[in-house]
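**Q** The following block contains the structure, expressed as C-alpha cells.
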Amino acid sequence: MAFNKGTSADQFFQTDAEQAKRERREAKAGNKNGSPTTLKSKLLAAIADPTSPSSVLVAESAGLVRRVNVDTGDTKQVFKGPPAPVTCVAVGGPETRTLFAGSWDKNIWSWDLASKAPGRKYSGHADFVKSVVTAKLGGKDCLISGGADKKIIVWDIETGSRLHTLQDQTVSMMAVQDLVIDPVQSGPDEIILVSASSDPHIRRWRIRLDGFEQIKETMPDEPGAARHTILEHDTTVYKVIFDSESEEVDLWTSSGDGTAKCLSRLKGFTTDDSVWHGDHVRAVSVTDQWIVTAGRDEDVKVWNRSSGKLYSILEGHYDEVTDLVVLDGGKRVVSVSIDGTIRTWSLDQAELDKANRERRDKGKDIENEPSTEPAKGVMTAEEEAELLALMEDDD
C-alpha cells in the first residue's frame with residue numbers, strides 16, 4: 001500500500017486508493033445529470049411533501065429539514081432547531097399538519113408544516129433516532145420512532161407521553177434502521193408495524209393503545225411451524241416499504257448484502273423476487289413498471305419489473321445515495337445523497353432509453369454490469385461507516 005504526502009490537510013498520508021477515490025469524485029462532481037439541486041450539507045433522508053406534488057422534505061446533516069421544490073429549485077423553506085444531524089422525517093398528526101424529524105441529539109423535533117413554527121420535542125431515546133412514522137391508533141394521533149439504542153417508542157403526539165417501548169426479548173435487535181406501517185393489516189384500533197435494523201431480522205409488531213406484541217411468523221413450507229422473525233437477508237436491512245402497486249401489497253426491502261427483495265405477503269413474507277444491485281443498497285422504490293435501487297455505489301439503478309432485469313443505470317451522484325422518493329405517480333424518482341445533491345430522474349421509458357444510449361456512447365453498457373451474487377454471511381461495519389461519513393467536514 002502506497003502513501004502520498006500532499007500540501008493540504010486533506011491530502012496528507014492518503015493511500016493510493018483514497019487519493020484515486022477523491023480524484024474520481026472531484027472529476028464527477030460537476031456533472032448535471034438529474035438536474036441537481038446542490039445544498040451545503042450531507043442529505044440523509046427524504047420524503048414526499050404532502051402539500052406540494054413537486055417538493056420533497058429533506059433531512060440534512062446540518063441539523064435541519066429543508067423543503068426543496070425539484071421543479072423550481074427553491075430551497076429557501078427551512079425547519080430549524082436540532083443541534084445535530086437530522087436522520088429521518090415524517091408528516092402526520094392532526095390533519096397531517098405536523099412535520100417530525102429524528103436527530104442525532106436523541107430527540108424527535110416537530111414543526112407546523114405550513115408556518116414552520118416549532119412544536120413539541122419528544123425525548124426518550126438513549127442514542128441517535130434513526131426512523132420516524134406516524135399513525136392513528138384508537139382515535140389518537142401517534143408517533144413511532146426507532147433508534148440506535150435498539151428501541152422502538154410509541155408516543156402520544158398531543159401530550160408527548162410514551163405509550164409503549166418495544167424491544168425483542170428473544171433475538172437481540174440492533175440499531176433500528178427503518179419503520180413502516182402495513183396498510184393492509186392495520187385498522188383503526190390496531191396497527192401492524194414492520195421494523196428493519198442493523199441485524200438481518202425483520203420484525204412485525206401488533207400495537208394497540210393498551211399494549212403490543214411481537215408477531216410470530218409462519219413457515220409456509222412447514223404448516224404449524226413458526227419462525228421468530230422474517231429472515232431473508234444476510235446482514236443490515238436499511239429500508240422496508242409496502243408496494244401499493246401490487247394487488248397483494250407485498251413488502252420490498254433493501255440490504256447491506258447487496259440485494260433488494262420482494263417478500264410475498266401470500267407466502268409468509270418469504271422472498272418472491274430479488275435484484276442484485278451490489279454493495280450496500282440503502283433505498284428501494286417501486287412503480288407499476290420499475291424497481292428502483294440506490295446505495296453506496298452512487299448509482300441509481302432501474303430494473304424492469306416484469307423481467308427482473310437491469311434496464312438502466314442513472315449516473316450523477318458522486319457519493320453514497322441515501323434515499324429515493326417517487327413523484328408524479330411513478331413518472332419520476334428523486335434521489336438524495338451524502339454528496340449534498342438532490343437529483344430528479346424521469347422514469348419514462350423513452351428517457352431511460354436515451355440515458356442507455358448515452359452510456360453506450362461512453363463505452364458503458366448494461367450488459368457489462370457485474371451481476372454476481374454477493375458473498376454470503378459477511379457482516380458489515382455500516383454503523384461505523386455511517387458515523388465516519390457524517391463526521392467528515394462538509395466542504
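Residue names in the C-alpha cells use chain letters A, B, ... in the order shown, residue numbers from 1 in each chain, and ligand numbers from 1 in the order shown.
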What lies within 7 Å of range 153-168 of chain A using only C-alpha atoms, ignoring chain neighbours under 5 positions off, as a list in words?
**A**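 Within the cut-off, the hits are Gly93, Tyr122, Asp141, Cys142, Leu143, Ile144, Ser145, Gly146 and Met173 of chain A.
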**Q** Selection from above, C-alpha atoms, as a JSON list (two decimals), in the first residue's frame, can you write it?
**A**
[["chain", "number", "residue", "atom", "x", "y", "z"],
["A", 93, "GLY", "CA", -50.58, 14.45, 13.50],
["A", 122, "TYR", "CA", -40.12, 14.14, 22.08],
["A", 141, "ASP", "CA", -52.59, 10.54, 16.77],
["A", 142, "CYS", "CA", -49.37, 8.62, 17.44],
["A", 143, "LEU", "CA", -45.71, 8.94, 16.56],
["A", 144, "ILE", "CA", -43.44, 5.87, 16.37],
["A", 145, "SER", "CA", -39.66, 6.19, 16.45],
["A", 146, "GLY", "CA", -36.76, 3.77, 16.22],
["A", 173, "MET", "CA", -32.31, -6.31, 17.98]]
**Q** DSSP on the backbone, then: every residue of range 7-83 of chain A marked strand (DSSP E), written as a CSV table (one decimal) with C-alpha atoms, in the first residue's frame.
**A**
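Generated file (selection.csv):
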chain,number,residue,atom,x,y,z
A,14,GLN,CA,-3.6,9.3,1.8
A,15,THR,CA,-3.3,5.8,0.3
A,37,THR,CA,-30.0,21.0,-6.7
A,38,THR,CA,-26.9,21.4,-4.5
A,43,LEU,CA,-28.5,14.6,2.8
A,44,LEU,CA,-29.6,11.7,4.9
A,45,ALA,CA,-33.2,11.0,4.1
A,46,ALA,CA,-36.2,12.4,2.2
A,47,ILE,CA,-40.0,12.0,1.8
A,48,ALA,CA,-42.6,13.4,-0.5
A,55,SER,CA,-41.5,19.1,-3.5
A,56,VAL,CA,-39.6,16.8,-1.1
A,57,LEU,CA,-38.7,17.3,2.6
A,58,VAL,CA,-35.0,16.5,3.1
A,59,ALA,CA,-33.2,15.6,6.3
A,60,GLU,CA,-29.8,17.3,6.4
A,64,LEU,CA,-32.4,20.9,9.7
A,65,VAL,CA,-35.2,19.8,7.4
A,66,ARG,CA,-35.5,21.6,4.1
A,67,ARG,CA,-38.4,21.8,1.7
A,68,VAL,CA,-37.0,21.5,-1.9
A,69,ASN,CA,-39.1,22.1,-5.0
A,77,GLN,CA,-38.0,27.0,3.3
A,78,VAL,CA,-36.2,25.5,6.2
A,79,PHE,CA,-37.2,23.9,9.5
A,80,LYS,CA,-34.5,24.6,12.1
**Q** Write out as a VMD selection string which residues come within 12 Å of Pro223 in chain A when counting only C-alpha atoms, dropping same-chain ones fewer than 5 positions away.
**A** chain A and resid 217 to 218 267 to 268
**Q** Have a look at A:Val275, A:Leu310, A:Ala90, A:Ile202 and name the one nearest to Asp234 in chain A; count only C-alpha atoms.
**A**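 The answer is A:Ile202, which sits nearest to Asp234 in chain A.
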**Q** Between A:Gly316, A:Gly330, A:Pro85, A:Gly278, which is the closest to Ile342 in chain A once you count only C-alpha atoms?
**A**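 For Ile342 in chain A, the nearest of the given residues is A:Gly316.
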**Q** Which residues come within 12 Å of Trp345 in chain A, counting only C-alpha atoms, excluding same-chain residues fewer than 5 positions away, as a ChimeraX atom specification?
**A** /A:32-36,70-71,292,299-302,312-317,324-328,330-336,351-352,355
**Q** Now that the selection is made, can you save its residues with N, CA, C and O atoms as a tab-separated table (two decimals), in the first residue's frame?
**A**
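Below is the file selection_1.tsv, written as the result:
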chain	number	residue	atom	x	y	z
A	32	LYS	N	-24.15	17.42	-14.52
A	32	LYS	CA	-25.51	17.97	-14.36
A	32	LYS	C	-26.59	16.92	-14.55
A	32	LYS	O	-27.77	17.25	-14.74
A	33	ASN	N	-26.21	15.65	-14.50
A	33	ASN	CA	-27.20	14.58	-14.67
A	33	ASN	C	-28.23	14.63	-13.53
A	33	ASN	O	-27.88	14.80	-12.37
A	34	GLY	N	-29.48	14.48	-13.89
A	34	GLY	CA	-30.55	14.52	-12.90
A	34	GLY	C	-30.86	15.94	-12.44
A	34	GLY	O	-31.53	16.10	-11.41
A	35	SER	N	-30.43	16.94	-13.20
A	35	SER	CA	-30.71	18.36	-12.87
A	35	SER	C	-30.51	18.64	-11.38
A	35	SER	O	-31.46	18.94	-10.65
A	36	PRO	N	-29.27	18.55	-10.89
A	36	PRO	CA	-29.04	18.60	-9.45
A	36	PRO	C	-29.36	19.94	-8.79
A	36	PRO	O	-29.10	21.00	-9.36
A	70	VAL	N	-38.32	20.48	-6.62
A	70	VAL	CA	-37.40	19.96	-7.63
A	70	VAL	C	-37.65	20.56	-9.01
A	70	VAL	O	-36.79	20.43	-9.90
A	71	ASP	N	-38.80	21.21	-9.21
A	71	ASP	CA	-39.08	21.86	-10.49
A	71	ASP	C	-38.49	23.27	-10.55
A	71	ASP	O	-37.89	23.66	-11.55
A	292	VAL	N	-36.62	0.52	-8.45
A	292	VAL	CA	-35.51	1.47	-8.43
A	292	VAL	C	-34.69	1.24	-7.16
A	292	VAL	O	-35.26	1.17	-6.06
A	299	ASP	N	-24.80	4.91	-7.82
A	299	ASP	CA	-25.69	4.86	-8.97
A	299	ASP	C	-27.14	4.61	-8.57
A	299	ASP	O	-27.41	3.94	-7.56
A	300	VAL	N	-28.04	5.14	-9.36
A	300	VAL	CA	-29.46	4.81	-9.25
A	300	VAL	C	-29.74	3.78	-10.34
A	300	VAL	O	-29.51	4.05	-11.53
A	301	LYS	N	-30.21	2.61	-9.97
A	301	LYS	CA	-30.43	1.54	-10.93
A	301	LYS	C	-31.93	1.28	-11.09
A	301	LYS	O	-32.66	1.22	-10.10
A	302	VAL	N	-32.35	1.13	-12.33
A	302	VAL	CA	-33.76	0.92	-12.67
A	302	VAL	C	-33.90	-0.47	-13.28
A	302	VAL	O	-33.21	-0.82	-14.24
A	312	SER	N	-31.65	0.19	-16.69
A	312	SER	CA	-30.92	1.44	-16.88
A	312	SER	C	-30.13	1.79	-15.62
A	312	SER	O	-30.56	1.47	-14.50
A	313	ILE	N	-28.98	2.42	-15.82
A	313	ILE	CA	-28.16	2.93	-14.72
A	313	ILE	C	-28.07	4.45	-14.86
A	313	ILE	O	-27.64	4.96	-15.89
A	314	LEU	N	-28.52	5.15	-13.83
A	314	LEU	CA	-28.53	6.62	-13.85
A	314	LEU	C	-27.36	7.13	-13.03
A	314	LEU	O	-27.35	7.04	-11.81
A	315	GLU	N	-26.36	7.65	-13.72
A	315	GLU	CA	-25.14	8.13	-13.08
A	315	GLU	C	-25.20	9.64	-12.86
A	315	GLU	O	-25.65	10.37	-13.74
A	316	GLY	N	-24.74	10.09	-11.71
A	316	GLY	CA	-24.72	11.51	-11.43
A	316	GLY	C	-24.16	11.79	-10.05
A	316	GLY	O	-23.31	12.66	-9.87
A	317	HIS	N	-24.64	11.04	-9.07
A	317	HIS	CA	-24.14	11.23	-7.71
A	317	HIS	C	-22.68	10.82	-7.61
A	317	HIS	O	-22.22	9.93	-8.34
A	324	LEU	N	-34.58	7.48	-1.82
A	324	LEU	CA	-35.30	7.65	-3.07
A	324	LEU	C	-36.74	8.04	-2.77
A	324	LEU	O	-37.34	7.52	-1.83
A	325	VAL	N	-37.29	8.95	-3.59
A	325	VAL	CA	-38.69	9.35	-3.44
A	325	VAL	C	-39.34	9.35	-4.82
A	325	VAL	O	-38.87	10.04	-5.73
A	326	VAL	N	-40.40	8.58	-4.98
A	326	VAL	CA	-41.14	8.54	-6.24
A	326	VAL	C	-42.14	9.68	-6.28
A	326	VAL	O	-42.88	9.90	-5.31
A	327	LEU	N	-42.16	10.41	-7.39
A	327	LEU	CA	-43.10	11.52	-7.56
A	327	LEU	C	-43.97	11.29	-8.80
A	327	LEU	O	-43.65	10.45	-9.64
A	328	ASP	N	-45.03	12.06	-8.89
A	328	ASP	CA	-45.90	12.09	-10.08
A	328	ASP	C	-46.43	10.71	-10.44
A	328	ASP	O	-46.47	10.32	-11.61
A	330	GLY	N	-45.21	7.82	-10.12
A	330	GLY	CA	-44.24	6.89	-10.69
A	330	GLY	C	-43.60	7.36	-11.97
A	330	GLY	O	-42.83	6.63	-12.60
A	331	LYS	N	-43.85	8.61	-12.37
A	331	LYS	CA	-43.26	9.11	-13.61
A	331	LYS	C	-41.81	9.57	-13.43
A	331	LYS	O	-41.06	9.68	-14.39
A	332	ARG	N	-41.41	9.85	-12.19
A	332	ARG	CA	-40.02	10.23	-11.94
A	332	ARG	C	-39.65	9.87	-10.51
A	332	ARG	O	-40.51	9.65	-9.66
A	333	VAL	N	-38.34	9.83	-10.27
A	333	VAL	CA	-37.83	9.50	-8.94
A	333	VAL	C	-36.78	10.51	-8.55
A	333	VAL	O	-35.98	10.96	-9.38
A	334	VAL	N	-36.80	10.90	-7.27
A	334	VAL	CA	-35.82	11.83	-6.71
A	334	VAL	C	-34.85	11.05	-5.85
A	334	VAL	O	-35.25	10.20	-5.06
A	335	SER	N	-33.56	11.34	-6.01
A	335	SER	CA	-32.53	10.71	-5.19
A	335	SER	C	-31.78	11.78	-4.40
A	335	SER	O	-31.55	12.88	-4.90
A	336	VAL	N	-31.43	11.45	-3.15
A	336	VAL	CA	-30.64	12.36	-2.32
A	336	VAL	C	-29.39	11.63	-1.85
A	336	VAL	O	-29.38	10.40	-1.71
A	351	GLU	N	-37.02	8.16	-22.04
A	351	GLU	CA	-35.92	8.88	-21.39
A	351	GLU	C	-34.85	7.92	-20.87
A	351	GLU	O	-33.65	8.20	-20.93
A	352	LEU	N	-35.29	6.78	-20.35
A	352	LEU	CA	-34.33	5.77	-19.89
A	352	LEU	C	-33.54	5.21	-21.07
A	352	LEU	O	-32.33	4.97	-20.96
A	355	ALA	N	-30.85	7.62	-21.85
A	355	ALA	CA	-29.75	7.50	-20.90
A	355	ALA	C	-28.89	6.29	-21.23
A	355	ALA	O	-27.64	6.34	-21.13
**Q** What are the closest atom pairs, with distances in Å to one decimal, for all residues of range 284-383 of chain A lying within 8 Å of range 237-244 of chain A? Consider only C-alpha atoms, order rows by chain and residue number, and present the result as a Markdown table.
**A**
| residue | atom | partner | partner_atom | distance |
| --- | --- | --- | --- | --- |
| A:Val284 | CA | A:Lys239 | CA | 7.0 |
| A:Ser285 | CA | A:Ile241 | CA | 7.6 |
| A:Val286 | CA | A:Asp243 | CA | 6.7 |
**Q** Keeping only N, CA and C atoms, write the selected residues to a file as a compact mmCIF listing (two decimals), in the first residue's frame.
**A**
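Saved file again-v8.txt follows:
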# COMPACT_ATOMS: atom_id res chain seq x y z
N VAL A 284 -34.89 1.52 -1.82
CA VAL A 284 -35.62 0.87 -2.90
C VAL A 284 -36.98 1.55 -3.03
N SER A 285 -37.41 1.74 -4.27
CA SER A 285 -38.75 2.24 -4.55
C SER A 285 -39.32 1.44 -5.71
N VAL A 286 -40.64 1.38 -5.79
CA VAL A 286 -41.26 0.61 -6.87
C VAL A 286 -42.38 1.42 -7.51
**Q** How far is it from CA of Asp178 in chain A to CA of Arg25 in chain A, in Å with one decimal?
**A**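 Interatomic distance here is 28.6 Å.
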**Q** For the helix (DSSP H, G or I) assignment from backbone DSSP, which residues of range 12-201 of chain A qualify? Please present them as a ChimeraX atom specification.
**A** /A:16-28,94-96
**Q** Write the residues you've just listed into a file as a CSV table (one decimal), in the first residue's frame, and include all heavy atoms for each of them.
**A**
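What ended up in out24.csv:
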chain,number,residue,atom,x,y,z
A,16,ASP,N,-3.0,5.3,-2.0
A,16,ASP,CA,-3.3,5.5,-3.5
A,16,ASP,C,-4.8,5.3,-3.7
A,16,ASP,O,-5.4,6.1,-4.5
A,16,ASP,CB,-2.5,4.4,-4.3
A,16,ASP,CG,-1.1,4.7,-4.3
A,16,ASP,OD1,-0.7,5.9,-4.1
A,16,ASP,OD2,-0.3,3.8,-4.7
A,17,ALA,N,-5.4,4.4,-3.1
A,17,ALA,CA,-6.9,4.1,-3.3
A,17,ALA,C,-7.7,5.3,-2.8
A,17,ALA,O,-8.6,5.7,-3.5
A,17,ALA,CB,-7.3,2.9,-2.5
A,18,GLU,N,-7.3,5.9,-1.7
A,18,GLU,CA,-8.0,7.1,-1.1
A,18,GLU,C,-7.9,8.3,-2.1
A,18,GLU,O,-8.8,9.0,-2.3
A,18,GLU,CB,-7.6,7.4,0.3
A,18,GLU,CG,-8.0,6.4,1.3
A,18,GLU,CD,-7.3,6.6,2.6
A,18,GLU,OE1,-6.2,7.3,2.6
A,18,GLU,OE2,-7.8,6.1,3.7
A,19,GLN,N,-6.7,8.5,-2.6
A,19,GLN,CA,-6.4,9.6,-3.5
A,19,GLN,C,-7.2,9.4,-4.8
A,19,GLN,O,-7.8,10.3,-5.3
A,19,GLN,CB,-4.9,9.7,-3.8
A,19,GLN,CG,-4.6,11.0,-4.6
A,19,GLN,CD,-3.1,11.2,-4.8
A,19,GLN,OE1,-2.3,10.4,-4.4
A,19,GLN,NE2,-2.8,12.3,-5.4
A,20,ALA,N,-7.2,8.2,-5.3
A,20,ALA,CA,-7.9,7.9,-6.5
A,20,ALA,C,-9.4,8.1,-6.4
A,20,ALA,O,-10.1,8.7,-7.2
A,20,ALA,CB,-7.7,6.4,-7.0
A,21,LYS,N,-9.9,7.7,-5.2
A,21,LYS,CA,-11.3,7.9,-4.9
A,21,LYS,C,-11.7,9.4,-4.8
A,21,LYS,O,-12.7,9.8,-5.4
A,21,LYS,CB,-11.7,7.2,-3.6
A,21,LYS,CG,-13.1,7.4,-3.2
A,21,LYS,CD,-13.4,6.6,-1.8
A,21,LYS,CE,-14.8,6.7,-1.4
A,21,LYS,NZ,-15.0,6.0,-0.1
A,22,ARG,N,-10.8,10.2,-4.2
A,22,ARG,CA,-11.0,11.6,-4.1
A,22,ARG,C,-11.0,12.3,-5.5
A,22,ARG,O,-11.8,13.1,-5.8
A,22,ARG,CB,-10.0,12.2,-3.2
A,22,ARG,CG,-10.2,13.7,-2.9
A,22,ARG,CD,-9.1,14.2,-1.9
A,22,ARG,NE,-9.4,15.6,-1.6
A,22,ARG,CZ,-10.2,16.0,-0.5
A,22,ARG,NH1,-10.8,15.1,0.2
A,22,ARG,NH2,-10.4,17.2,-0.3
A,23,GLU,N,-10.0,11.9,-6.3
A,23,GLU,CA,-9.9,12.5,-7.6
A,23,GLU,C,-11.1,12.1,-8.5
A,23,GLU,O,-11.5,13.0,-9.3
A,23,GLU,CB,-8.6,12.0,-8.2
A,23,GLU,CG,-7.3,12.7,-7.6
A,23,GLU,CD,-6.0,12.1,-8.1
A,23,GLU,OE1,-6.1,11.1,-8.9
A,23,GLU,OE2,-5.0,12.6,-7.7
A,24,ARG,N,-11.5,10.9,-8.4
A,24,ARG,CA,-12.7,10.4,-9.1
A,24,ARG,C,-13.9,11.3,-8.8
A,24,ARG,O,-14.7,11.7,-9.7
A,24,ARG,CB,-13.0,9.0,-8.9
A,24,ARG,CG,-14.2,8.4,-9.7
A,24,ARG,CD,-14.5,7.0,-9.3
A,24,ARG,NE,-14.8,6.9,-7.9
A,24,ARG,CZ,-16.0,7.2,-7.3
A,24,ARG,NH1,-16.9,7.7,-8.1
A,24,ARG,NH2,-16.2,7.1,-6.0
A,25,ARG,N,-14.1,11.5,-7.5
A,25,ARG,CA,-15.3,12.2,-7.0
A,25,ARG,C,-15.2,13.7,-7.5
A,25,ARG,O,-16.2,14.3,-7.9
A,25,ARG,CB,-15.5,12.1,-5.5
A,25,ARG,CG,-16.0,10.7,-5.1
A,25,ARG,CD,-16.2,10.6,-3.6
A,25,ARG,NE,-16.8,9.3,-3.3
A,25,ARG,CZ,-17.0,8.9,-2.1
A,25,ARG,NH1,-16.5,9.5,-1.0
A,25,ARG,NH2,-17.6,7.7,-1.9
A,26,GLU,N,-14.0,14.3,-7.4
A,26,GLU,CA,-13.9,15.6,-7.8
A,26,GLU,C,-14.1,15.8,-9.3
A,26,GLU,O,-14.7,16.8,-9.7
A,26,GLU,CB,-12.4,16.1,-7.5
A,26,GLU,CG,-12.2,16.4,-6.0
A,26,GLU,CD,-10.8,16.7,-5.6
A,26,GLU,OE1,-9.9,16.6,-6.5
A,26,GLU,OE2,-10.5,17.1,-4.5
A,27,ALA,N,-13.7,14.8,-10.1
A,27,ALA,CA,-13.9,14.9,-11.5
A,27,ALA,C,-15.4,14.7,-11.8
A,27,ALA,O,-15.9,15.3,-12.8
A,27,ALA,CB,-13.1,13.8,-12.2
A,28,LYS,N,-16.1,13.9,-11.0
A,28,LYS,CA,-17.5,13.6,-11.3
A,28,LYS,C,-18.5,14.7,-10.7
A,28,LYS,O,-19.6,14.8,-11.1
A,28,LYS,CB,-17.9,12.3,-10.6
A,28,LYS,CG,-19.1,11.6,-11.0
A,28,LYS,CD,-19.3,10.2,-10.3
A,28,LYS,CE,-20.6,9.5,-10.7
A,28,LYS,NZ,-20.7,8.3,-10.0
A,94,PRO,N,-52.6,15.7,13.8
A,94,PRO,CA,-54.0,16.2,13.4
A,94,PRO,C,-54.0,16.8,12.0
A,94,PRO,O,-53.2,17.7,11.8
A,94,PRO,CB,-54.3,17.2,14.5
A,94,PRO,CG,-53.5,16.8,15.7
A,94,PRO,CD,-52.2,16.2,15.1
A,95,GLU,N,-54.8,16.3,11.2
A,95,GLU,CA,-55.0,16.8,9.8
A,95,GLU,C,-53.7,16.8,9.0
A,95,GLU,O,-53.5,17.5,8.0
A,95,GLU,CB,-55.5,18.3,9.8
A,95,GLU,CG,-56.9,18.4,10.5
A,95,GLU,CD,-57.5,19.8,10.5
A,95,GLU,OE1,-57.0,20.6,9.7
A,95,GLU,OE2,-58.3,20.1,11.3
A,96,THR,N,-52.8,16.0,9.4
A,96,THR,CA,-51.5,15.8,8.7
A,96,THR,C,-50.7,17.1,8.6
A,96,THR,O,-50.2,17.4,7.5
A,96,THR,CB,-51.7,15.1,7.4
A,96,THR,OG1,-52.7,14.1,7.5
A,96,THR,CG2,-50.4,14.4,6.9
